[in-house]
Amino acid sequence: EDQVTQSPEALRLQEGESSSLNCSYTVSGLRGLFWYRQDPGKGPEFLFTLYSAGEEKEKERLKATLTKKESFLHITAPKPEDSATYLCAVQAFSSGNTPLVFGKGTRLSVIA
Amino acid sequence: ETGVTQTPRHLVMGMTNKKSLKCEQHLGHNAMYWYKQSAKKPLELMFVYNFKEQTENNSVPSRFSPECPNSSHLFLHLHTLQPEDSALYLCASSQNPLAGGITGELFFGEGSRLTVL
């Protein structure tokens, strides 16, 4: 069974304090790993897709990396507007058109 | 309008009521999804429609009944719900891989917050 575990559950950072969020996964053949951002009261917003170990993607203060067992979302010099819940999801080759298996998310709070 | 629009944003209903949630996407996608989001739990896939045909029913109780009249509209009909069905119901759309695109890149609506009394 495909599984995604995210840690920590919650993270509180001072503005400018860089850190990383972790997403560990088990999947029967990874088709893709996806990061989403969800603001309170809103639906998730797509951030990145990673396909193979060693791949990296960047967007503003965020950088996502991928290994064979986990992905990290690195946040460099965060700002209060980066506060949100970050969701990780995987899709397996065996799933066909079936979409994603999500983790529970990491709730990030950035304090000014 | 652009993106994925869900109505109503908030719904309170009794266990004997019948109501419907509506989703409309303006992205030209051909796959649509219903997800359930409860506190402290991962997003749970409920239904998937590809080109208006249901391709996934993730063991959802029959008190939830989806309808997809065309590739732009998706409904979730609700009847005889239980208090544990209270949650945020999210609609999403994506391109179907048969038409090109990436199924993992989902575009979500803002959700319908459902409270069952």
# chains A, B, ... in the order shown; residues from 1 in each chain; ligands from 1
>>> closest_atom_pairs(of="chain B", to="chain A", cutoff="8 Å", atoms="only C-alpha atoms", output="JSON lines")
{"residue": "B:Lys40", "atom": "CA", "partner": "A:Lys104", "partner_atom": "CA", "distance": 6.7}
{"residue": "B:Lys41", "atom": "CA", "partner": "A:Lys104", "partner_atom": "CA", "distance": 5.6}
{"residue": "B:Pro42", "atom": "CA", "partner": "A:Lys104", "partner_atom": "CA", "distance": 4.2}
{"residue": "B:Leu43", "atom": "CA", "partner": "A:Phe102", "partner_atom": "CA", "distance": 5.9}
{"residue": "B:Glu44", "atom": "CA", "partner": "A:Phe102", "partner_atom": "CA", "distance": 7.8}
{"residue": "B:Val48", "atom": "CA", "partner": "A:Thr98", "partner_atom": "CA", "distance": 7.8}
{"residue": "B:Glu56", "atom": "CA", "partner": "A:Thr98", "partner_atom": "CA", "distance": 7.3}
{"residue": "B:Leu90", "atom": "CA", "partner": "A:Gly43", "partner_atom": "CA", "distance": 6.8}
{"residue": "B:Asn96", "atom": "CA", "partner": "A:Asn97", "partner_atom": "CA", "distance": 7.7}
{"residue": "B:Pro97", "atom": "CA", "partner": "A:Asn97", "partner_atom": "CA", "distance": 7.4}
{"residue": "B:Thr103", "atom": "CA", "partner": "A:Pro99", "partner_atom": "CA", "distance": 6.3}
{"residue": "B:Gly104", "atom": "CA", "partner": "A:Pro99", "partner_atom": "CA", "distance": 6.0}
{"residue": "B:Glu105", "atom": "CA", "partner": "A:Phe46", "partner_atom": "CA", "distance": 6.4}
{"residue": "B:Leu106", "atom": "CA", "partner": "A:Phe46", "partner_atom": "CA", "distance": 6.8}
{"residue": "B:Phe107", "atom": "CA", "partner": "A:Glu45", "partner_atom": "CA", "distance": 6.8}
{"residue": "B:Phe108", "atom": "CA", "partner": "A:Gly43", "partner_atom": "CA", "distance": 5.4}
{"residue": "B:Gly109", "atom": "CA", "partner": "A:Gly43", "partner_atom": "CA", "distance": 5.5}
{"residue": "B:Glu110", "atom": "CA", "partner": "A:Gly43", "partner_atom": "CA", "distance": 4.4}
{"residue": "B:Gly111", "atom": "CA", "partner": "A:Gly43", "partner_atom": "CA", "distance": 6.0}
>>> residues_around(residues="segment 17-28 of chain A", least_positions_apart="6", cutoff="6 Å", atoms="only C-alpha atoms", output="ChimeraX atom specification")
/A:2-7,69-77
>>> select_by_dssp(residues="chain A", states="strand (DSSP E)", output="ChimeraX atom specification")
/A:3-7,10-14,19-26,30-38,45-50,56-59,62-66,70-75,84-92,101-102,106-111
>>> atom_distance(atom1="atom CA of Leu74 of chain B", atom2="atom CA of Gln25 of chain B")
8.7 Å
>>> decode(residues="segment 46-60 of chain B", atoms="all heavy atoms", output="PDB file, in the first residue's frame")
ATOM      1  N   MET B  46     -12.539  10.469  -3.098  1.00  0.00           N
ATOM      2  CA  MET B  46     -13.874   9.857  -3.103  1.00  0.00           C
ATOM      3  C   MET B  46     -14.220   9.320  -4.489  1.00  0.00           C
ATOM      4  O   MET B  46     -14.502   8.138  -4.651  1.00  0.00           O
ATOM      5  CB  MET B  46     -14.919  10.876  -2.666  1.00  0.00           C
ATOM      6  CG  MET B  46     -14.708  11.433  -1.270  1.00  0.00           C
ATOM      7  SD  MET B  46     -15.903  12.707  -0.862  1.00  0.00           S
ATOM      8  CE  MET B  46     -17.397  11.728  -0.625  1.00  0.00           C
ATOM      9  N   PHE B  47     -14.221  10.189  -5.466  1.00  0.00           N
ATOM     10  CA  PHE B  47     -14.642   9.811  -6.828  1.00  0.00           C
ATOM     11  C   PHE B  47     -13.730  10.479  -7.854  1.00  0.00           C
ATOM     12  O   PHE B  47     -13.232  11.571  -7.640  1.00  0.00           O
ATOM     13  CB  PHE B  47     -16.082  10.253  -7.110  1.00  0.00           C
ATOM     14  CG  PHE B  47     -17.101   9.713  -6.163  1.00  0.00           C
ATOM     15  CD1 PHE B  47     -17.636  10.502  -5.165  1.00  0.00           C
ATOM     16  CD2 PHE B  47     -17.547   8.404  -6.290  1.00  0.00           C
ATOM     17  CE1 PHE B  47     -18.586  10.014  -4.293  1.00  0.00           C
ATOM     18  CE2 PHE B  47     -18.501   7.898  -5.425  1.00  0.00           C
ATOM     19  CZ  PHE B  47     -19.020   8.700  -4.417  1.00  0.00           C
ATOM     20  N   VAL B  48     -13.576   9.779  -8.993  1.00  0.00           N
ATOM     21  CA  VAL B  48     -12.858  10.334 -10.131  1.00  0.00           C
ATOM     22  C   VAL B  48     -13.711  10.153 -11.372  1.00  0.00           C
ATOM     23  O   VAL B  48     -14.299   9.071 -11.578  1.00  0.00           O
ATOM     24  CB  VAL B  48     -11.505   9.636 -10.365  1.00  0.00           C
ATOM     25  CG1 VAL B  48     -10.786  10.260 -11.559  1.00  0.00           C
ATOM     26  CG2 VAL B  48     -10.633   9.695  -9.130  1.00  0.00           C
ATOM     27  N   TYR B  49     -13.783  11.189 -12.182  1.00  0.00           N
ATOM     28  CA  TYR B  49     -14.443  11.119 -13.480  1.00  0.00           C
ATOM     29  C   TYR B  49     -13.437  11.500 -14.560  1.00  0.00           C
ATOM     30  O   TYR B  49     -12.776  12.533 -14.471  1.00  0.00           O
ATOM     31  CB  TYR B  49     -15.636  12.073 -13.546  1.00  0.00           C
ATOM     32  CG  TYR B  49     -16.874  11.533 -12.899  1.00  0.00           C
ATOM     33  CD1 TYR B  49     -17.059  11.608 -11.527  1.00  0.00           C
ATOM     34  CD2 TYR B  49     -17.860  10.922 -13.667  1.00  0.00           C
ATOM     35  CE1 TYR B  49     -18.196  11.097 -10.934  1.00  0.00           C
ATOM     36  CE2 TYR B  49     -19.007  10.412 -13.080  1.00  0.00           C
ATOM     37  CZ  TYR B  49     -19.170  10.504 -11.710  1.00  0.00           C
ATOM     38  OH  TYR B  49     -20.299   9.989 -11.137  1.00  0.00           O
ATOM     39  N   ASN B  50     -13.319  10.642 -15.572  1.00  0.00           N
ATOM     40  CA  ASN B  50     -12.507  10.925 -16.750  1.00  0.00           C
ATOM     41  C   ASN B  50     -13.429  10.985 -17.959  1.00  0.00           C
ATOM     42  O   ASN B  50     -14.140  10.018 -18.245  1.00  0.00           O
ATOM     43  CB  ASN B  50     -11.462   9.830 -16.972  1.00  0.00           C
ATOM     44  CG  ASN B  50     -10.262   9.980 -16.072  1.00  0.00           C
ATOM     45  OD1 ASN B  50      -9.614  11.015 -16.062  1.00  0.00           O
ATOM     46  ND2 ASN B  50      -9.986   8.957 -15.303  1.00  0.00           N
ATOM     47  N   PHE B  51     -13.412  12.106 -18.647  1.00  0.00           N
ATOM     48  CA  PHE B  51     -14.285  12.265 -19.810  1.00  0.00           C
ATOM     49  C   PHE B  51     -15.720  11.873 -19.469  1.00  0.00           C
ATOM     50  O   PHE B  51     -16.389  11.155 -20.213  1.00  0.00           O
ATOM     51  CB  PHE B  51     -13.782  11.413 -20.994  1.00  0.00           C
ATOM     52  CG  PHE B  51     -12.436  11.819 -21.501  1.00  0.00           C
ATOM     53  CD1 PHE B  51     -11.301  11.117 -21.104  1.00  0.00           C
ATOM     54  CD2 PHE B  51     -12.277  12.891 -22.359  1.00  0.00           C
ATOM     55  CE1 PHE B  51     -10.044  11.490 -21.570  1.00  0.00           C
ATOM     56  CE2 PHE B  51     -11.034  13.270 -22.823  1.00  0.00           C
ATOM     57  CZ  PHE B  51      -9.922  12.561 -22.428  1.00  0.00           C
ATOM     58  N   LYS B  52     -16.206  12.342 -18.345  1.00  0.00           N
ATOM     59  CA  LYS B  52     -17.577  12.162 -17.836  1.00  0.00           C
ATOM     60  C   LYS B  52     -17.865  10.744 -17.343  1.00  0.00           C
ATOM     61  O   LYS B  52     -18.967  10.471 -16.876  1.00  0.00           O
ATOM     62  CB  LYS B  52     -18.620  12.534 -18.905  1.00  0.00           C
ATOM     63  CG  LYS B  52     -18.533  13.940 -19.423  1.00  0.00           C
ATOM     64  CD  LYS B  52     -19.715  14.261 -20.332  1.00  0.00           C
ATOM     65  CE  LYS B  52     -19.763  13.345 -21.541  1.00  0.00           C
ATOM     66  NZ  LYS B  52     -20.949  13.601 -22.392  1.00  0.00           N
ATOM     67  N   GLU B  53     -16.925   9.837 -17.455  1.00  0.00           N
ATOM     68  CA  GLU B  53     -17.153   8.473 -16.983  1.00  0.00           C
ATOM     69  C   GLU B  53     -16.486   8.268 -15.617  1.00  0.00           C
ATOM     70  O   GLU B  53     -15.320   8.625 -15.428  1.00  0.00           O
ATOM     71  CB  GLU B  53     -16.570   7.463 -17.984  1.00  0.00           C
ATOM     72  CG  GLU B  53     -17.190   7.527 -19.363  1.00  0.00           C
ATOM     73  CD  GLU B  53     -18.669   7.186 -19.338  1.00  0.00           C
ATOM     74  OE1 GLU B  53     -19.054   6.274 -18.578  1.00  0.00           O
ATOM     75  OE2 GLU B  53     -19.441   7.843 -20.065  1.00  0.00           O
ATOM     76  N   GLN B  54     -17.231   7.666 -14.694  1.00  0.00           N
ATOM     77  CA  GLN B  54     -16.651   7.435 -13.369  1.00  0.00           C
ATOM     78  C   GLN B  54     -15.630   6.325 -13.449  1.00  0.00           C
ATOM     79  O   GLN B  54     -15.945   5.203 -13.885  1.00  0.00           O
ATOM     80  CB  GLN B  54     -17.753   7.062 -12.364  1.00  0.00           C
ATOM     81  CG  GLN B  54     -17.241   6.998 -10.923  1.00  0.00           C
ATOM     82  CD  GLN B  54     -18.318   6.609  -9.934  1.00  0.00           C
ATOM     83  OE1 GLN B  54     -18.184   5.634  -9.214  1.00  0.00           O
ATOM     84  NE2 GLN B  54     -19.392   7.367  -9.894  1.00  0.00           N
ATOM     85  N   THR B  55     -14.402   6.613 -13.042  1.00  0.00           N
ATOM     86  CA  THR B  55     -13.335   5.628 -13.094  1.00  0.00           C
ATOM     87  C   THR B  55     -12.845   5.225 -11.718  1.00  0.00           C
ATOM     88  O   THR B  55     -12.011   4.340 -11.589  1.00  0.00           O
ATOM     89  CB  THR B  55     -12.143   6.160 -13.912  1.00  0.00           C
ATOM     90  OG1 THR B  55     -11.712   7.397 -13.332  1.00  0.00           O
ATOM     91  CG2 THR B  55     -12.526   6.372 -15.353  1.00  0.00           C
ATOM     92  N   GLU B  56     -13.333   5.885 -10.692  1.00  0.00           N
ATOM     93  CA  GLU B  56     -12.888   5.551  -9.340  1.00  0.00           C
ATOM     94  C   GLU B  56     -14.005   5.841  -8.353  1.00  0.00           C
ATOM     95  O   GLU B  56     -14.601   6.915  -8.386  1.00  0.00           O
ATOM     96  CB  GLU B  56     -11.656   6.380  -8.973  1.00  0.00           C
ATOM     97  CG  GLU B  56     -10.995   6.025  -7.657  1.00  0.00           C
ATOM     98  CD  GLU B  56     -10.074   4.833  -7.762  1.00  0.00           C
ATOM     99  OE1 GLU B  56      -9.737   4.456  -8.889  1.00  0.00           O
ATOM    100  OE2 GLU B  56      -9.678   4.289  -6.728  1.00  0.00           O
ATOM    101  N   ASN B  57     -14.313   4.860  -7.529  1.00  0.00           N
ATOM    102  CA  ASN B  57     -15.218   5.042  -6.394  1.00  0.00           C
ATOM    103  C   ASN B  57     -14.504   4.410  -5.217  1.00  0.00           C
ATOM    104  O   ASN B  57     -14.406   3.192  -5.118  1.00  0.00           O
ATOM    105  CB  ASN B  57     -16.558   4.364  -6.667  1.00  0.00           C
ATOM    106  CG  ASN B  57     -17.511   4.469  -5.478  1.00  0.00           C
ATOM    107  OD1 ASN B  57     -17.090   4.625  -4.326  1.00  0.00           O
ATOM    108  ND2 ASN B  57     -18.790   4.389  -5.744  1.00  0.00           N
ATOM    109  N   ASN B  58     -13.998   5.238  -4.336  1.00  0.00           N
ATOM    110  CA  ASN B  58     -13.093   4.756  -3.307  1.00  0.00           C
ATOM    111  C   ASN B  58     -13.866   4.253  -2.094  1.00  0.00           C
ATOM    112  O   ASN B  58     -13.699   4.747  -0.985  1.00  0.00           O
ATOM    113  CB  ASN B  58     -12.134   5.885  -2.912  1.00  0.00           C
ATOM    114  CG  ASN B  58     -10.874   5.362  -2.288  1.00  0.00           C
ATOM    115  OD1 ASN B  58     -10.505   4.214  -2.474  1.00  0.00           O
ATOM    116  ND2 ASN B  58     -10.202   6.205  -1.537  1.00  0.00           N
ATOM    117  N   SER B  59     -14.756   3.267  -2.335  1.00  0.00           N
ATOM    118  CA  SER B  59     -15.547   2.665  -1.249  1.00  0.00           C
ATOM    119  C   SER B  59     -16.332   3.714  -0.476  1.00  0.00           C
ATOM    120  O   SER B  59     -16.371   3.689   0.762  1.00  0.00           O
ATOM    121  CB  SER B  59     -14.636   1.875  -0.284  1.00  0.00           C
ATOM    122  OG  SER B  59     -13.926   0.879  -0.973  1.00  0.00           O
ATOM    123  N   VAL B  60     -16.928   4.616  -1.208  1.00  0.00           N
ATOM    124  CA  VAL B  60     -17.689   5.694  -0.577  1.00  0.00           C
ATOM    125  C   VAL B  60     -19.115   5.212  -0.281  1.00  0.00           C
ATOM    126  O   VAL B  60     -19.737   4.570  -1.139  1.00  0.00           O
ATOM    127  CB  VAL B  60     -17.736   6.921  -1.506  1.00  0.00           C
ATOM    128  CG1 VAL B  60     -18.528   8.053  -0.859  1.00  0.00           C
ATOM    129  CG2 VAL B  60     -16.329   7.382  -1.843  1.00  0.00           C
TER     130      VAL B  60
END
